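Chemist: Pasting in a structure now, in C-alpha cells, and then I'll have a few things to ask.
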Amino acid sequence: MQLSLQVTGAEVVRKGLENLGAEIPKIGREQIYRTEQAIVRRMKIYPPPPAASRYVRTGALGSGWTITSKANGYTISNMTPYTKYVTGNAYGQEQAWMHQGRWNLLRDVSDEEVAKLPKEIEDNIMQVARREGL
C-alpha cells in the first residue's frame with residue numbers, strides 16, 4: 001500500500017504569508033496614528049462657556065495639539081502653557097478646579113481611544129489576510 005500527498009498552491013500561500021508579515025507593522029503604525037488623530041480631534045472640542053462668562057477664547061489650546069512621529073510610535077503634545085490646567089497632565093492630574101467636569105481630561109480621552117485599538121488592528125490584519133487569499 002502506498003499513500004501520496006501533493007500540495008498545490010503552496011507557493012501562493014507562502015507568498016501570501018510573507019506579504020501579510022510585511023503588512024502587520026504598517027497596519028499597527030497606521031492604526032496608532034489614526035488613534036492619535038482621534039484623540040486630537042476630541043481634545044480640540046471646546047465645551048460651552050460657563051454661564052455669565054465674559055472670557056473671550058483665543059483658540060490657542062485647540063490649535064496647539066500636535067502629533068509627532070517617533071521611531072516606535074507617535075507623541076501627542078500641546079505646548080500652550082496652560083494646557084495641563086485645562087486638560088490635565090499625562091496622568092490625568094493637575095486640572096484646575098474650574099475646568100473639572102467641563103473639559104475632557106487628556107488621559108481619559110487617550111484611554112478611551114486606545115481601548116479601541118486592538119480590535120481595529122485585528123480587523124485590518126484580517127482584511128489584509130483576505131486580500132492575500134489566506
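Naming works like this for the C-alpha cells: A, B, ... for the chains as they're shown, residue 1 at the start of each chain, ligands 1 onward in shown order.
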Could you please write out, as a VMD selection string, every residue of segment 31-132 of chain A that DSSP assigns to alpha helix (DSSP H)?
Modeler: chain A and resid 31 to 43 60 to 63 83 to 87 106 to 115 117 to 131
Chemist: Using only C-alpha atoms, which of the listed residues (A:Arg130, A:Lys116, A:Lys70, A:Lys84) sits closest to Ile39 of chain A?
Modeler: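 Of the candidates, the smallest distance to Ile39 of chain A is held by A:Lys116.
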Chemist: Grab the atom CA of Arg29 of chain A to atom CA of Thr80 of chain A distance for me, in Å with one decimal place.
Modeler: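 Separation between atom CA of Arg29 of chain A and atom CA of Thr80 of chain A: 26.9 Å.
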Chemist: Rank nothing, just name the residue among A:Gln31, A:Gln37, A:Gln127, A:Asn78 nearest to Ala60 of chain A, using only C-alpha atoms.
Modeler: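 Of the candidates, the smallest distance to Ala60 of chain A is held by A:Asn78.
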Chemist: For segment 34-65 of chain A against segment 110-115 of chain A, with a cut-off of 12 Å and counting only C-alpha atoms, what is the closest atom pair and its distance in Å to one decimal for every residue that makes the cut, ordered by chain and number, as JSON lines?
Modeler:
```
{"residue": "A:Arg34", "atom": "CA", "partner": "A:Glu113", "partner_atom": "CA", "distance": 9.6}
{"residue": "A:Thr35", "atom": "CA", "partner": "A:Glu113", "partner_atom": "CA", "distance": 6.1}
{"residue": "A:Glu36", "atom": "CA", "partner": "A:Ser110", "partner_atom": "CA", "distance": 8.1}
{"residue": "A:Gln37", "atom": "CA", "partner": "A:Glu113", "partner_atom": "CA", "distance": 9.7}
{"residue": "A:Ala38", "atom": "CA", "partner": "A:Glu113", "partner_atom": "CA", "distance": 7.1}
{"residue": "A:Ile39", "atom": "CA", "partner": "A:Ser110", "partner_atom": "CA", "distance": 6.0}
{"residue": "A:Val40", "atom": "CA", "partner": "A:Ser110", "partner_atom": "CA", "distance": 9.1}
{"residue": "A:Arg41", "atom": "CA", "partner": "A:Glu113", "partner_atom": "CA", "distance": 11.0}
{"residue": "A:Arg42", "atom": "CA", "partner": "A:Ser110", "partner_atom": "CA", "distance": 9.6}
{"residue": "A:Met43", "atom": "CA", "partner": "A:Ser110", "partner_atom": "CA", "distance": 9.5}
```
Chemist: Neighbours of segment 85-95 of chain A within 8 Å (only C-alpha atoms; same-chain residues fewer than 2 positions away dropped), as a ChimeraX atom specification?
Modeler: /A:82-83,97,99-100,103-108
Chemist: Of the candidates A:Gly101, A:Ile67, A:Gly59, A:Ser53, which shows the shortest atom-to-atom distance to Tyr33 of chain A, using only C-alpha atoms?
Modeler: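 Looking at the shortest contact to Tyr33 of chain A, the residue is A:Ile67.
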Chemist: What gap, in Å, lies between atom CA of Gly73 of chain A and atom CA of Leu61 of chain A?
Modeler: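 Separating atom CA of Gly73 of chain A from atom CA of Leu61 of chain A is a distance of 23.4 Å.
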Chemist: Do you have the atom CA of Gly64 of chain A-atom CA of Glu30 of chain A distance handy?
Modeler: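 Computing it gives 22.4 Å between the two atoms.
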